[in-house]
Amino acid sequence: MPEEKLIGKVFSYFKKIGVAAVEITNDGLIVGDKILIMGSITNFEQEIESMQVEGNDIEEISAGKSVGLKVTEDVQVGDFVYKLI
């Protein structure tokens with residue numbers, strides 16, 4: 001079973017385009033990493049297929065930055081994002 005490492009929190013969600021804005025507080029993310037998004041009604045895993053910063057596609061993001069993640073299900077502001085290791 002994979003280990004879960006808290007890496008950030010959803011601070012905005014754009015439902016029409018399926019993008020969660022996430023503040024990365026711990027570690028970093030690379031396209032292809034597997035994540036778990038969990039909250040009061042949210043609980044799903046997915047592989048990161050797309051990340052953007054200010055409209056530009058990126059391959060990786062480090063702690064202390066914000067990123068837009070394409071998500072496969074609806075999320076809520078305040079949901080926690082975990083990296084599955």
# chains A, B, ... in the order shown; residues from 1 in each chain; ligands from 1
>>> select_by_dssp(residues="chain A", states="strand (DSSP E)", output="MDAnalysis selection string")
chainID A and resid 4:14 19:24 29:30 34:38 43:47 51:53 56:58 60:61 65:70 80:84
>>> residues_around(residues="Ile30 of chain A", least_positions_apart="3", cutoff="9 Å", atoms="only C-alpha atoms", output="list in words")
Asp33, Ile48, Met51, Ile58, Glu59, Glu60, Ile61 and Ser62 of chain A
>>> residues_around(residues="Gly39 of chain A", least_positions_apart="4", cutoff="8 Å", atoms="only C-alpha atoms", output="PyMOL selection string")
chain A and resi 43+76+78-80
>>> residues_around(residues="segment 6-9 of chain A", least_positions_apart="2", cutoff="7 Å", atoms="only C-alpha atoms", output="PyMOL selection string")
chain A and resi 4+11+22-27+78-83
>>> write_last_selection(atoms="C-alpha atoms", output="PDB file, in the first residue's frame")
ATOM      1  CA  GLU A   4       0.600   9.251   1.743  1.00  0.00           C
ATOM      2  CA  PHE A  11      -7.551  26.968  -2.497  1.00  0.00           C
ATOM      3  CA  VAL A  22      -3.284  23.999  -5.133  1.00  0.00           C
ATOM      4  CA  GLU A  23      -0.828  25.660  -2.752  1.00  0.00           C
ATOM      5  CA  ILE A  24       2.150  23.297  -2.509  1.00  0.00           C
ATOM      6  CA  THR A  25       3.485  23.455   1.055  1.00  0.00           C
ATOM      7  CA  ASN A  26       5.654  20.331   1.330  1.00  0.00           C
ATOM      8  CA  ASP A  27       7.877  18.534  -1.185  1.00  0.00           C
ATOM      9  CA  GLY A  78      -9.943  23.134   1.602  1.00  0.00           C
ATOM     10  CA  ASP A  79      -9.387  19.575   0.313  1.00  0.00           C
ATOM     11  CA  PHE A  80      -5.962  18.160   1.145  1.00  0.00           C
ATOM     12  CA  VAL A  81      -3.589  16.872  -1.532  1.00  0.00           C
ATOM     13  CA  TYR A  82      -1.307  13.934  -0.747  1.00  0.00           C
ATOM     14  CA  LYS A  83       1.474  12.471  -2.876  1.00  0.00           C
TER      15      LYS A  83
END
>>> atom_distance(atom1="atom CA of Lys16 of chain A", atom2="atom CA of Gly28 of chain A")
26.1 Å
>>> closest_residue(among="A:Val19, A:Leu29, A:Gly55, A:Ser40", to="Glu73 of chain A", atoms="only C-alpha atoms")
A:Val19
>>> residues_around(residues="Tyr13 of chain A", least_positions_apart="2", cutoff="7 Å", atoms="only C-alpha atoms", output="list in words")
Lys15, Val19, Ala20, Ala21, Val75, Gln76 and Val77 of chain A
>>> write_last_selection(atoms="N, CA and C atoms", output="mmCIF file, in the first residue's frame")
data_model
loop_
_atom_site.group_PDB
_atom_site.id
_atom_site.type_symbol
_atom_site.label_atom_id
_atom_site.label_comp_id
_atom_site.auth_asym_id
_atom_site.auth_seq_id
_atom_site.Cartn_x
_atom_site.Cartn_y
_atom_site.Cartn_z
ATOM 1 N N LYS A 15 -14.586 24.549 -11.947
ATOM 2 C CA LYS A 15 -15.381 23.383 -12.321
ATOM 3 C C LYS A 15 -15.495 23.202 -13.838
ATOM 4 N N VAL A 19 -10.082 22.144 -13.117
ATOM 5 C CA VAL A 19 -8.739 22.475 -12.618
ATOM 6 C C VAL A 19 -8.821 22.905 -11.153
ATOM 7 N N ALA A 20 -7.975 22.275 -10.338
ATOM 8 C CA ALA A 20 -7.852 22.641 -8.930
ATOM 9 C C ALA A 20 -6.609 23.502 -8.762
ATOM 10 N N ALA A 21 -6.751 24.636 -8.093
ATOM 11 C CA ALA A 21 -5.605 25.480 -7.751
ATOM 12 C C ALA A 21 -5.116 25.014 -6.387
ATOM 13 N N VAL A 75 -13.539 18.742 -6.863
ATOM 14 C CA VAL A 75 -12.887 18.930 -5.572
ATOM 15 C C VAL A 75 -13.518 20.124 -4.880
ATOM 16 N N GLN A 76 -13.188 20.317 -3.609
ATOM 17 C CA GLN A 76 -13.717 21.419 -2.813
ATOM 18 C C GLN A 76 -12.556 22.251 -2.278
ATOM 19 N N VAL A 77 -12.785 23.547 -2.125
ATOM 20 C CA VAL A 77 -11.786 24.396 -1.469
ATOM 21 C C VAL A 77 -11.554 23.830 -0.076
#
>>> atom_distance(atom1="atom CA of Glu45 of chain A", atom2="atom CA of Lys65 of chain A")
21.7 Å
>>> closest_residue(among="A:Ile17, A:Val10, A:Val67, A:Ile85", to="Glu47 of chain A", atoms="only C-alpha atoms")
A:Ile85
>>> closest_residue(among="A:Asp74, A:Leu36, A:Ser50, A:Ser66", to="Phe14 of chain A", atoms="only C-alpha atoms")
A:Asp74
>>> atom_distance(atom1="atom CA of Thr42 of chain A", atom2="atom CA of Gly64 of chain A")
23.8 Å
